[in-house]
file entry_37.txt (compact mmCIF, C-alpha atoms)
# COMPACT_ATOMS: atom_id res chain seq x y z
CA MET A 1 159.92 146.91 90.42
CA SER A 2 157.44 144.47 91.95
CA VAL A 3 154.62 143.13 89.84
CA ARG A 4 151.27 142.99 91.58
CA ALA A 5 149.76 139.53 91.28
CA VAL A 6 146.40 139.26 89.57
CA PRO A 7 143.89 137.82 92.05
CA PRO A 8 142.33 134.49 91.17
CA VAL A 9 138.83 134.22 89.75
CA PRO A 10 136.34 134.01 92.64
CA ASP A 11 133.37 131.65 92.58
CA VAL A 12 130.15 133.59 92.08
CA PHE A 13 128.08 130.58 91.00
CA ASP A 14 127.33 128.75 94.26
CA PRO A 15 123.77 129.76 95.24
CA ARG A 16 124.53 129.15 98.93
CA ARG A 17 126.88 132.15 98.91
CA TYR A 18 123.98 134.51 98.27
CA ALA A 19 122.23 133.54 101.50
CA ALA A 20 124.96 135.58 103.25
CA GLY A 21 124.56 138.54 100.88
CA VAL A 22 125.47 139.53 97.34
CA PRO A 23 129.28 139.06 96.95
CA HIS A 24 130.05 142.61 95.85
CA ASP A 25 133.74 142.38 96.76
CA ASP A 26 134.14 139.38 94.46
CA TYR A 27 132.18 141.14 91.73
CA ARG A 28 134.66 144.01 91.91
CA VAL A 29 137.57 141.59 91.56
CA LEU A 30 135.91 140.23 88.45
CA ARG A 31 135.15 143.65 86.98
CA ASP A 32 138.69 144.90 87.60
CA HIS A 33 140.66 141.81 86.60
CA HIS A 34 138.41 139.19 84.95
CA PRO A 35 135.43 141.01 83.37
CA VAL A 36 134.49 137.92 81.36
CA ALA A 37 135.53 134.98 83.51
CA TRP A 38 135.01 131.25 83.24
CA GLN A 39 133.01 129.76 86.12
CA GLU A 40 132.84 126.10 86.96
CA GLU A 41 129.39 124.67 87.56
CA PRO A 42 129.74 121.82 90.07
CA GLU A 43 126.94 119.73 91.51
CA VAL A 44 125.31 121.68 94.32
CA LEU A 45 122.29 121.11 96.54
CA GLY A 46 121.52 117.88 94.70
CA TRP A 47 121.36 119.56 91.29
CA PRO A 48 123.71 118.02 88.71
CA ALA A 49 126.92 119.62 87.53
CA GLY A 50 126.93 121.63 84.33
CA PRO A 51 129.54 122.48 81.70
CA GLY A 52 130.43 125.90 83.12
CA PHE A 53 129.78 129.39 81.81
CA TRP A 54 131.23 132.84 81.17
CA ALA A 55 130.40 135.37 83.91
CA VAL A 56 129.98 138.91 82.50
CA THR A 57 130.28 141.56 85.19
CA ARG A 58 131.01 145.00 83.66
CA HIS A 59 128.08 147.25 82.78
CA ALA A 60 129.11 147.85 79.15
CA ASP A 61 129.57 144.14 78.48
CA VAL A 62 126.29 143.22 80.19
CA VAL A 63 124.43 145.73 78.01
CA ARG A 64 126.22 144.48 74.91
CA VAL A 65 125.17 140.90 75.58
CA LEU A 66 121.57 141.83 76.36
CA ARG A 67 121.21 143.95 73.22
CA ASP A 68 122.79 141.47 70.79
CA ALA A 69 120.20 138.71 70.51
CA GLY A 70 121.72 137.66 67.19
CA THR A 71 124.88 136.52 68.97
CA TYR A 72 123.66 135.79 72.49
CA SER A 73 120.45 133.81 72.26
CA SER A 74 117.67 133.35 74.82
CA TYR A 75 116.19 130.56 72.69
CA ALA A 76 119.18 128.27 72.25
CA GLY A 77 119.46 127.14 75.87
CA ALA A 78 116.81 129.25 77.67
CA THR A 79 117.69 131.86 80.27
CA GLN A 80 118.60 130.04 83.50
CA ILE A 81 122.18 129.08 84.36
CA ARG A 82 121.28 125.41 84.75
CA ASP A 83 120.75 123.61 81.48
CA PRO A 84 117.21 122.28 81.18
CA ASP A 85 116.66 118.64 80.42
CA PRO A 86 116.94 118.28 76.62
CA GLU A 87 113.48 116.71 76.56
CA ASP A 88 112.03 119.79 78.29
CA LEU A 89 113.82 122.40 76.18
CA PRO A 90 111.18 122.58 73.37
CA PHE A 91 108.52 123.22 76.01
CA ILE A 92 110.59 125.87 77.84
CA ARG A 93 111.37 127.63 74.56
CA ARG A 94 107.68 128.40 74.05
CA MET A 95 107.83 131.02 76.82
CA MET A 96 108.33 134.60 75.63
CA LEU A 97 111.29 135.01 77.99
CA ASN A 98 113.10 132.23 76.16
CA GLN A 99 112.56 133.42 72.59
CA ASP A 100 114.57 135.64 70.27
CA PRO A 101 113.36 138.28 67.82
CA PRO A 102 111.19 138.29 65.79
CA ALA A 103 109.08 135.65 67.60
CA HIS A 104 109.71 137.33 70.92
CA GLY A 105 108.49 140.68 69.61
CA ARG A 106 105.22 139.21 68.33
CA LEU A 107 104.37 137.70 71.71
CA ARG A 108 105.49 140.83 73.54
CA ARG A 109 103.14 142.99 71.47
CA LEU A 110 100.22 140.66 72.18
CA VAL A 111 100.59 140.85 75.96
CA SER A 112 101.40 144.59 75.87
CA ARG A 113 97.92 145.25 74.50
CA ALA A 114 96.47 144.12 77.83
CA PHE A 115 98.05 147.06 79.69
CA THR A 116 95.50 149.72 78.74
CA PRO A 117 95.68 153.26 80.23
CA GLY A 118 92.38 152.81 82.00
CA ARG A 119 93.47 149.53 83.53
CA VAL A 120 96.74 151.08 84.72
CA ALA A 121 94.88 153.97 86.40
CA ARG A 122 92.42 151.65 88.13
CA PHE A 123 95.25 149.37 89.25
CA ALA A 124 97.24 152.30 90.72
CA ALA A 125 94.30 153.45 92.83
CA ASP A 126 93.70 149.96 94.18
CA ALA A 127 97.40 149.31 94.82
CA ARG A 128 97.74 152.55 96.81
CA GLU A 129 94.84 151.59 99.04
CA ARG A 130 96.30 148.11 99.40
CA ALA A 131 99.67 149.53 100.49
CA ARG A 132 97.95 151.82 103.00
CA THR A 133 95.93 148.98 104.53
CA LEU A 134 98.85 146.58 104.80
CA VAL A 135 101.23 149.17 106.27
CA ALA A 136 98.62 150.29 108.80
CA GLY A 137 98.01 146.70 109.84
CA ALA A 138 101.72 146.02 110.23
CA LEU A 139 102.23 149.12 112.39
CA GLU A 140 99.27 148.17 114.57
CA THR A 141 100.69 144.67 115.05
CA ALA A 142 104.08 146.12 115.97
CA ARG A 143 102.58 148.56 118.50
CA GLU A 144 100.56 145.80 120.14
CA GLY A 145 103.68 143.64 120.41
CA ASP A 146 107.35 144.42 120.92
CA GLY A 147 107.56 147.14 118.29
CA THR A 148 108.87 144.85 115.58
CA VAL A 149 107.29 143.37 112.48
CA ASP A 150 108.47 141.02 109.75
CA VAL A 151 107.60 143.21 106.79
CA VAL A 152 107.99 140.33 104.34
CA ALA A 153 105.22 138.32 105.98
CA ALA A 154 103.09 141.31 107.01
CA VAL A 155 103.44 143.65 104.03
CA THR A 156 105.56 142.95 100.98
CA ASP A 157 104.56 139.36 100.18
CA GLU A 158 100.87 140.17 100.50
CA TYR A 159 101.26 143.43 98.60
CA ALA A 160 102.95 141.73 95.64
CA LEU A 161 100.55 138.79 95.63
CA LEU A 162 97.35 140.83 95.91
CA ASN A 163 98.52 143.26 93.23
CA LEU A 164 99.33 140.36 90.92
CA ALA A 165 96.01 138.64 91.60
CA ASP A 166 94.20 141.90 90.85
CA LEU A 167 96.13 142.53 87.64
CA LEU A 168 95.69 139.00 86.31
CA GLY A 169 92.12 138.55 87.47
CA VAL A 170 92.88 135.74 89.91
CA PRO A 171 90.42 135.57 92.84
CA ALA A 172 92.08 136.99 95.96
CA GLY A 173 91.46 133.70 97.77
CA ASP A 174 93.70 131.93 95.26
CA ARG A 175 96.74 134.16 95.88
CA GLY A 176 98.25 131.35 97.95
CA LEU A 177 98.48 129.32 94.75
CA LEU A 178 100.45 132.12 93.09
CA LEU A 179 102.86 132.17 96.02
CA ARG A 180 103.30 128.41 96.01
CA TRP A 181 104.03 128.32 92.28
CA THR A 182 106.48 131.21 92.60
CA GLN A 183 108.31 129.57 95.49
CA ARG A 184 108.52 126.33 93.54
CA VAL A 185 109.98 127.89 90.41
CA ILE A 186 112.04 130.77 91.82
CA GLY A 187 113.09 129.34 95.17
CA TYR A 188 113.95 125.84 94.03
CA GLN A 189 117.56 126.15 95.24
CA ASP A 190 116.39 126.95 98.78
CA PRO A 191 114.75 124.00 100.58
CA ASP A 192 113.30 126.35 103.21
CA GLU A 193 111.51 128.29 100.49
CA ALA A 194 110.40 125.61 98.04
CA GLY A 195 110.52 122.50 100.23
CA PRO A 196 112.41 119.32 99.34
CA ALA A 197 113.06 118.85 95.65
CA VAL A 198 110.70 116.55 93.76
CA ARG A 199 112.71 113.65 92.37
CA ASP A 200 112.19 111.33 89.42
CA GLU A 201 112.39 107.54 89.44
CA ALA A 202 116.17 107.69 89.19
CA GLY A 203 116.40 109.96 92.22
CA ARG A 204 117.29 113.09 90.23
CA PRO A 205 115.60 116.41 91.08
CA VAL A 206 112.89 117.41 88.62
CA ASP A 207 113.31 120.83 86.99
CA PRO A 208 110.57 123.16 88.35
CA ARG A 209 110.15 124.57 84.82
CA SER A 210 109.38 121.14 83.35
CA PRO A 211 105.92 120.21 82.02
CA ALA A 212 105.43 117.78 84.90
CA MET A 213 105.99 120.46 87.53
CA LEU A 214 103.86 123.08 85.77
CA ARG A 215 100.88 120.84 85.07
CA ASP A 216 98.77 122.16 87.95
CA MET A 217 99.51 125.81 87.12
CA PHE A 218 98.64 125.33 83.47
CA ALA A 219 95.40 123.50 84.33
CA TYR A 220 94.42 126.42 86.57
CA ALA A 221 95.22 128.93 83.80
CA ARG A 222 93.02 127.05 81.30
CA HIS A 223 90.17 126.83 83.81
CA LEU A 224 90.44 130.53 84.61
CA ALA A 225 90.50 131.44 80.89
CA VAL A 226 87.24 129.53 80.33
CA HIS A 227 85.69 131.48 83.20
CA LYS A 228 86.94 134.81 81.78
CA ARG A 229 85.37 134.08 78.41
CA ARG A 230 82.03 133.50 80.12
CA CYS A 231 82.37 136.29 82.68
CA PRO A 232 84.74 138.96 81.33
CA ALA A 233 86.25 141.48 83.72
CA ASP A 234 88.79 144.33 83.72
CA ASP A 235 91.93 142.21 83.95
CA ILE A 236 94.75 140.82 81.84
CA LEU A 237 93.47 137.23 81.72
CA THR A 238 90.19 138.43 80.24
CA THR A 239 92.08 140.28 77.49
CA LEU A 240 94.32 137.32 76.73
CA ALA A 241 91.45 134.82 76.85
CA HIS A 242 89.66 136.80 74.13
CA ASP A 243 92.73 137.34 71.92
CA ALA A 244 92.25 135.33 68.72
CA GLU A 245 95.92 135.75 67.79
CA LEU A 246 97.17 133.63 70.68
CA ALA A 247 98.21 130.15 69.60
CA ASP A 248 97.36 127.05 71.61
CA GLY A 249 99.37 127.07 74.82
CA ASP A 250 100.39 130.73 74.61
CA LEU A 251 97.94 131.82 77.28
CA GLU A 252 99.26 129.23 79.75
CA MET A 253 102.82 130.35 79.04
CA PHE A 254 101.86 133.99 79.59
CA PHE A 255 100.15 133.05 82.84
CA PHE A 256 103.31 131.27 83.96
CA LEU A 257 105.53 134.21 83.05
CA LEU A 258 103.28 136.86 84.59
CA THR A 259 102.72 134.79 87.74
CA VAL A 260 106.39 134.14 88.40
CA ALA A 261 108.09 137.26 87.01
CA GLY A 262 105.24 139.59 87.92
CA ASN A 263 105.20 138.39 91.49
CA ASP A 264 108.85 137.91 92.33
CA THR A 265 110.16 141.17 90.87
CA VAL A 266 108.22 143.23 93.41
CA ARG A 267 108.40 140.51 96.05
CA ALA A 268 112.22 140.71 95.97
CA ALA A 269 112.65 144.43 95.35
CA ALA A 270 110.29 145.73 98.05
CA PRO A 271 111.97 144.20 101.12
CA GLY A 272 115.36 144.68 99.48
CA GLY A 273 114.72 148.42 99.31
CA LEU A 274 113.60 148.54 102.94
CA LEU A 275 116.69 146.62 103.97
CA ALA A 276 118.87 149.12 102.10
CA LEU A 277 117.21 152.03 103.93
CA ALA A 278 117.58 150.30 107.29
CA GLU A 279 121.28 149.71 106.65
CA HIS A 280 121.83 153.28 105.40
CA PRO A 281 119.65 155.53 107.60
CA GLU A 282 121.52 158.64 106.45
CA ALA A 283 120.13 158.11 102.94
CA TYR A 284 116.57 158.49 104.23
CA GLU A 285 116.83 162.18 105.15
CA PRO A 286 116.77 163.57 101.56
CA LEU A 287 113.70 161.43 100.91
CA ARG A 288 111.95 162.66 104.06
CA THR A 289 112.67 166.32 103.32
CA GLY A 290 111.78 166.07 99.63
CA ALA A 291 115.34 166.70 98.42
CA ALA A 292 115.07 163.30 96.73
CA GLY A 293 111.85 162.31 94.98
CA VAL A 294 110.28 158.91 95.47
CA PRO A 295 110.66 157.92 91.78
CA SER A 296 114.42 158.55 91.83
CA ALA A 297 114.66 156.81 95.20
CA VAL A 298 112.90 153.74 93.80
CA ASP A 299 115.40 153.53 90.93
CA GLU A 300 118.34 153.89 93.29
CA LEU A 301 116.96 151.15 95.54
CA LEU A 302 116.54 148.98 92.46
CA ARG A 303 120.16 149.67 91.50
CA TRP A 304 121.27 148.80 95.01
CA HIS A 305 119.11 145.69 95.32
CA PRO A 306 118.18 144.39 91.86
CA PRO A 307 115.51 141.70 92.12
CA VAL A 308 117.26 139.54 89.50
CA LEU A 309 120.92 138.70 90.00
CA THR A 310 121.68 136.91 86.74
CA PHE A 311 120.34 135.94 83.33
CA ARG A 312 121.80 133.44 80.92
CA ARG A 313 122.28 133.59 77.17
CA THR A 314 123.90 131.08 74.81
CA ALA A 315 126.37 132.15 72.13
CA VAL A 316 125.17 130.98 68.72
CA ARG A 317 128.39 131.89 66.92
CA ASP A 318 132.03 132.41 67.80
CA THR A 319 132.69 135.91 69.07
CA ARG A 320 134.90 137.97 71.38
CA LEU A 321 133.86 139.79 74.53
CA ALA A 322 136.24 141.87 76.65
CA GLY A 323 139.15 140.14 74.93
CA ARG A 324 137.92 136.61 75.61
CA VAL A 325 137.03 134.16 72.84
CA ILE A 326 133.46 132.91 73.24
CA ARG A 327 132.65 129.77 71.27
CA ALA A 328 129.28 128.92 69.75
CA GLY A 329 127.37 126.92 72.33
CA ASP A 330 129.03 128.53 75.35
CA LYS A 331 126.80 129.76 78.15
CA VAL A 332 127.15 133.49 78.82
CA VAL A 333 125.68 134.78 82.09
CA VAL A 334 125.23 138.49 82.81
CA PHE A 335 125.43 139.68 86.43
CA HIS A 336 123.02 142.57 86.94
CA ALA A 337 124.05 143.22 90.52
CA SER A 338 127.68 143.62 89.46
CA ALA A 339 126.89 145.88 86.50
CA ASN A 340 124.90 148.13 88.85
CA ARG A 341 128.03 148.77 90.95
CA ASP A 342 130.42 149.33 88.04
CA GLU A 343 132.70 152.27 88.83
CA ARG A 344 133.11 152.88 85.09
CA VAL A 345 129.46 153.98 84.92
CA PHE A 346 128.33 155.02 88.40
CA ALA A 347 130.01 157.68 90.55
CA ALA A 348 130.57 156.34 94.09
CA PRO A 349 128.57 153.17 93.36
CA GLY A 350 128.98 151.97 96.95
CA ARG A 351 126.97 154.94 98.23
CA LEU A 352 123.19 154.79 98.40
CA ASP A 353 122.16 158.08 96.78
CA LEU A 354 118.39 158.37 96.51
CA ALA A 355 118.72 161.44 94.29
CA ARG A 356 121.15 159.76 91.86
CA SER A 357 120.78 161.01 88.29
CA PRO A 358 121.38 159.69 85.75
CA ASN A 359 120.91 156.14 86.95
CA PRO A 360 121.34 153.68 84.05
CA HIS A 361 120.97 150.53 86.17
CA VAL A 362 120.18 147.26 84.45
CA SER A 363 117.91 145.83 87.14
CA PHE A 364 115.18 145.35 84.52
CA GLY A 365 117.61 144.22 81.84
CA ASP A 366 118.20 145.90 78.49
CA GLY A 367 117.64 145.26 74.81
CA PRO A 368 114.67 143.37 73.38
CA HIS A 369 114.05 141.50 76.63
CA VAL A 370 113.90 144.55 78.90
CA CYS A 371 111.32 143.70 81.55
CA LEU A 372 107.81 144.05 80.15
CA GLY A 373 106.46 144.81 83.62
CA ALA A 374 109.11 147.38 84.61
CA HIS A 375 106.56 150.20 84.62
CA PHE A 376 104.20 148.23 86.83
CA ALA A 377 107.02 147.22 89.19
CA ARG A 378 108.16 150.84 89.57
CA LEU A 379 104.56 151.93 90.11
CA GLN A 380 103.98 149.40 92.89
CA LEU A 381 107.26 150.25 94.60
CA ARG A 382 106.59 153.99 94.37
CA LEU A 383 103.14 153.63 95.93
CA LEU A 384 104.48 151.46 98.74
CA HIS A 385 107.33 153.85 99.56
CA GLU A 386 105.02 156.86 99.44
CA GLU A 387 102.80 155.21 102.02
CA LEU A 388 105.74 154.23 104.23
CA LEU A 389 107.12 157.75 103.98
CA ARG A 390 103.75 159.13 105.08
CA VAL A 391 103.59 157.11 108.29
CA LEU A 392 107.24 156.57 109.30
CA PRO A 393 108.99 159.62 110.76
CA GLY A 394 112.41 158.10 110.23
CA PRO A 395 114.11 155.23 108.42
CA PRO A 396 113.20 151.66 109.33
CA ARG A 397 115.56 149.99 111.80
CA LEU A 398 116.71 146.39 111.74
CA ALA A 399 115.47 144.31 114.66
CA ALA A 400 117.28 141.15 113.52
CA PRO A 401 119.51 140.07 110.63
CA PRO A 402 117.52 139.45 107.45
CA ARG A 403 117.10 136.01 105.97
CA ARG A 404 118.07 135.87 102.32
CA LEU A 405 117.08 133.40 99.64
CA VAL A 406 119.52 130.68 98.65
CA SER A 407 119.66 131.54 94.96
CA ASN A 408 122.07 132.71 92.29
CA PHE A 409 119.09 133.98 90.27
CA ILE A 410 116.73 135.98 92.50
CA ASN A 411 117.99 138.51 95.06
CA GLY A 412 115.35 137.46 97.55
CA VAL A 413 114.75 138.49 101.16
CA THR A 414 112.52 135.94 102.85
CA SER A 415 112.37 137.54 106.31
CA LEU A 416 113.03 141.14 107.37
CA SER A 417 112.27 142.07 110.98
CA LEU A 418 112.12 145.84 111.45
CA LEU A 419 111.62 148.02 114.52
CA VAL A 420 108.89 150.43 113.43
CA ALA A 421 106.86 151.33 116.53

call {"tool": "encode", "arguments": {"input": "entry_37.txt", "output": "structure tokens"}}
result
Amino acid sequence: MSVRAVPPVPDVFDPRRYAAGVPHDDYRVLRDHHPVAWQEEPEVLGWPAGPGFWAVTRHADVVRVLRDAGTYSSYAGATQIRDPDPEDLPFIRRMMLNQDPPAHGRLRRLVSRAFTPGRVARFAADARERARTLVAGALETAREGDGTVDVVAAVTDEYALLNLADLLGVPAGDRGLLLRWTQRVIGYQDPDEAGPAVRDEAGRPVDPRSPAMLRDMFAYARHLAVHKRRCPADDILTTLAHDAELADGDLEMFFFLLTVAGNDTVRAAAPGGLLALAEHPEAYEPLRTGAAGVPSAVDELLRWHPPVLTFRRTAVRDTRLAGRVIRAGDKVVVFHASANRDERVFAAPGRLDLARSPNPHVSFGDGPHVCLGAHFARLQLRLLHEELLRVLPGPPRLAAPPRRLVSNFINGVTSLSLLVA
């Protein structure tokens, strides 16, 4: 009897791989044979080598890690694969994303108070009109030209940025600042997105999350908060600026988190969903006929194209996961995009099913750190797809291959040319 060889552990760390697409075949190898697998962390794109990490790829194990903050900490080493500079770690730990309960819960409750029912209703009405205007403009541009439009440049980037500016209370004319800060922090692995890395006196790249690189964003947040105290408005920054429970520096950290996470979640998911529909035109028919509702379609598109590929935790005590011994201090990285295609949880996970139910994807995480803005992200995506469904008789069609972000963190699409006219 022949013994089938176990395939070797594939590399799913190198951010350059993701520019060609999410490596789903390699994820399946990991899920089937190496569900918790050691990954080397070599120097890449000028960023220094790291000690390596455990890649967690099955849905059940991803959920276990995300729910067990007592074992897998966000605070110990923050939440990005790359280790921050030890001198920057205390600063980075002040962000809600990089804290553990109970401190995380206190900050989460403070910012949650800003999402009032009235504000949500007003935001939804404005976002719908924004989607309608941007889509109409893109279609007009396509009809006046060759029938194609880059929906990232013409629709989804502007939609995400204007929605974020509205929600935060940032003047619309300053939305370019929000984009630049997002590109710097999120797209730092992609020189075409963020530009050449800023380097220190020793020639090493400077972490975009470091105090030096966030100085201009934080100064803007403080200036805006002063303005909101003098001239309050119906926005989140006004609420936070008047919150006496916020400690010094908390408002700037919230501004950073909401600017980056609030922008790039929708900015990645919106074109990713359109790309999925263009690549699977047969999936569009149930949506067009009403056999699949837009809310369920949005969740399936999020499962298919999660905006966040990975999140890191650090083990704070020895433990075992899927039979592997994890030592205190080890980095443990969950792979959302792999968990969302786990055959142990999803029937026919390689099929785009816009009516899929149930759909327990982990695109917004799980446990205490489940995305605070998940409701707002779903709302924005639903409104955009409703407007597209209203004006497009059929699924969008690819006019050229998409350009994807060089990143092992964000599942970004930086250019998506569609034939829509």

call {"tool": "closest_residue", "arguments": {"input": "entry_37.txt", "among": "A:Ala76, A:Leu179, A:Ala339, A:Ala19", "to": "Arg93 in chain A", "atoms": "all atoms listed in the file"}}
result
A:Ala76

call {"tool": "closest_residue", "arguments": {"input": "entry_37.txt", "among": "A:Pro295, A:Pro368, A:Gly176, A:Pro286", "to": "Leu107 in chain A", "atoms": "only C-alpha atoms"}}
result
A:Pro368

call {"tool": "closest_residue", "arguments": {"input": "entry_37.txt", "among": "A:Val226, A:Val170, A:Ala221, A:Val135", "to": "Leu384 in chain A", "atoms": "only C-alpha atoms"}}
result
A:Val135

call {"tool": "closest_residue", "arguments": {"input": "entry_37.txt", "among": "A:Ser417, A:Gln99, A:Thr156, A:Ser407", "to": "Arg132 in chain A", "atoms": "all atoms listed in the file"}}
result
A:Thr156

call {"tool": "closest_residue", "arguments": {"input": "entry_37.txt", "among": "A:Pro271, A:Ala37, A:Ala292, A:Ala69", "to": "Gly105 in chain A", "atoms": "all atoms listed in the file"}}
result
A:Ala69

call {"tool": "closest_atom_pairs", "arguments": {"input": "entry_37.txt", "of": "range 165-278 of chain A", "to": "range 114-125 of chain A", "cutoff": "12 Å", "atoms": "only C-alpha atoms", "output": "JSON lines"}}
result
{"residue": "A:Ala165", "atom": "CA", "partner": "A:Phe123", "partner_atom": "CA", "distance": 11.0}
{"residue": "A:Asp166", "atom": "CA", "partner": "A:Phe123", "partner_atom": "CA", "distance": 7.7}
{"residue": "A:Leu167", "atom": "CA", "partner": "A:Phe123", "partner_atom": "CA", "distance": 7.1}
{"residue": "A:Leu168", "atom": "CA", "partner": "A:Ala114", "partner_atom": "CA", "distance": 9.9}
{"residue": "A:Gly169", "atom": "CA", "partner": "A:Phe123", "partner_atom": "CA", "distance": 11.4}
{"residue": "A:Ala233", "atom": "CA", "partner": "A:Arg119", "partner_atom": "CA", "distance": 10.8}
{"residue": "A:Asp234", "atom": "CA", "partner": "A:Arg119", "partner_atom": "CA", "distance": 7.0}
{"residue": "A:Asp235", "atom": "CA", "partner": "A:Arg119", "partner_atom": "CA", "distance": 7.5}
{"residue": "A:Ile236", "atom": "CA", "partner": "A:Ala114", "partner_atom": "CA", "distance": 5.5}
{"residue": "A:Leu237", "atom": "CA", "partner": "A:Ala114", "partner_atom": "CA", "distance": 8.5}
{"residue": "A:Thr238", "atom": "CA", "partner": "A:Ala114", "partner_atom": "CA", "distance": 8.8}
{"residue": "A:Thr239", "atom": "CA", "partner": "A:Ala114", "partner_atom": "CA", "distance": 5.8}
{"residue": "A:Leu240", "atom": "CA", "partner": "A:Ala114", "partner_atom": "CA", "distance": 7.2}
{"residue": "A:Ala241", "atom": "CA", "partner": "A:Ala114", "partner_atom": "CA", "distance": 10.6}
{"residue": "A:His242", "atom": "CA", "partner": "A:Ala114", "partner_atom": "CA", "distance": 10.7}
{"residue": "A:Asp243", "atom": "CA", "partner": "A:Ala114", "partner_atom": "CA", "distance": 9.7}
{"residue": "A:Phe254", "atom": "CA", "partner": "A:Ala114", "partner_atom": "CA", "distance": 11.6}

call {"tool": "write_last_selection", "arguments": {"input": "entry_37.txt", "atoms": "C-alpha atoms", "output": "PDB file, in the coordinates of the input"}}
result
ATOM      1  CA  ALA A 165      96.010 138.640  91.600  1.00  0.00           C
ATOM      2  CA  ASP A 166      94.200 141.900  90.850  1.00  0.00           C
ATOM      3  CA  LEU A 167      96.130 142.530  87.640  1.00  0.00           C
ATOM      4  CA  LEU A 168      95.690 139.000  86.310  1.00  0.00           C
ATOM      5  CA  GLY A 169      92.120 138.550  87.470  1.00  0.00           C
ATOM      6  CA  ALA A 233      86.250 141.480  83.720  1.00  0.00           C
ATOM      7  CA  ASP A 234      88.790 144.330  83.720  1.00  0.00           C
ATOM      8  CA  ASP A 235      91.930 142.210  83.950  1.00  0.00           C
ATOM      9  CA  ILE A 236      94.750 140.820  81.840  1.00  0.00           C
ATOM     10  CA  LEU A 237      93.470 137.230  81.720  1.00  0.00           C
ATOM     11  CA  THR A 238      90.190 138.430  80.240  1.00  0.00           C
ATOM     12  CA  THR A 239      92.080 140.280  77.490  1.00  0.00           C
ATOM     13  CA  LEU A 240      94.320 137.320  76.730  1.00  0.00           C
ATOM     14  CA  ALA A 241      91.450 134.820  76.850  1.00  0.00           C
ATOM     15  CA  HIS A 242      89.660 136.800  74.130  1.00  0.00           C
ATOM     16  CA  ASP A 243      92.730 137.340  71.920  1.00  0.00           C
ATOM     17  CA  PHE A 254     101.860 133.990  79.590  1.00  0.00           C
TER      18      PHE A 254
END

call {"tool": "atom_distance", "arguments": {"input": "entry_37.txt", "atom1": "CA of Arg143 in chain A", "atom2": "CA of Leu419 in chain A"}}
result
9.9 Å

call {"tool": "closest_atom_pairs", "arguments": {"input": "entry_37.txt", "of": "range 186-300 of chain A", "to": "range 357-365 of chain A", "cutoff": "9 Å", "atoms": "all atoms listed in the file", "output": "Markdown table"}}
result
| residue | atom | partner | partner_atom | distance |
| --- | --- | --- | --- | --- |
| A:Ser296 | CA | A:Ser357 | CA | 7.7 |
| A:Asp299 | CA | A:Asn359 | CA | 7.3 |
| A:Glu300 | CA | A:Asn359 | CA | 7.2 |

call {"tool": "closest_residue", "arguments": {"input": "entry_37.txt", "among": "A:Val65, A:Pro7, A:Asp150, A:Ala399", "to": "Ala278 in chain A", "atoms": "all atoms listed in the file"}}
result
A:Ala399

call {"tool": "residues_near_point", "arguments": {"input": "entry_37.txt", "point": "(133.5, 140.8, 86.0)", "cutoff": "6 Å", "atoms": "all atoms listed in the file", "output": "count of residues only"}}
result
9

call {"tool": "axis_aligned_box", "arguments": {"input": "entry_37.txt", "around": "range 320-337 of chain A", "padding_each_side": "6 Å", "output": "JSON"}}
result
{"center_x": 131.1, "center_y": 135.1, "center_z": 80.1, "size_x": 28.1, "size_y": 28.3, "size_z": 32.8}

call {"tool": "atom_distance", "arguments": {"input": "entry_37.txt", "atom1": "CA of Gln39 in chain A", "atom2": "CA of Pro15 in chain A"}}
result
13.0 Å

call {"tool": "atom_distance", "arguments": {"input": "entry_37.txt", "atom1": "CA of Ala138 in chain A", "atom2": "CA of Val155 in chain A"}}
result
6.9 Å

call {"tool": "residues_around", "arguments": {"input": "entry_37.txt", "residues": "Arg403 in chain A", "least_positions_apart": "2", "cutoff": "6 Å", "atoms": "only C-alpha atoms", "output": "CSV table (one decimal) with C-alpha atoms, in the frame of the given file"}}
result
chain,number,residue,atom,x,y,z
A,413,VAL,CA,114.8,138.5,101.2
A,414,THR,CA,112.5,135.9,102.8
A,415,SER,CA,112.4,137.5,106.3

call {"tool": "residues_near_point", "arguments": {"input": "entry_37.txt", "point": "(129.1, 142.2, 95.9)", "cutoff": "12 Å", "atoms": "only C-alpha atoms", "output": "PyMOL selection string"}}
result
chain A and resi 10-12+17-18+20-31+57+304-306+309+335-342+349-350+411
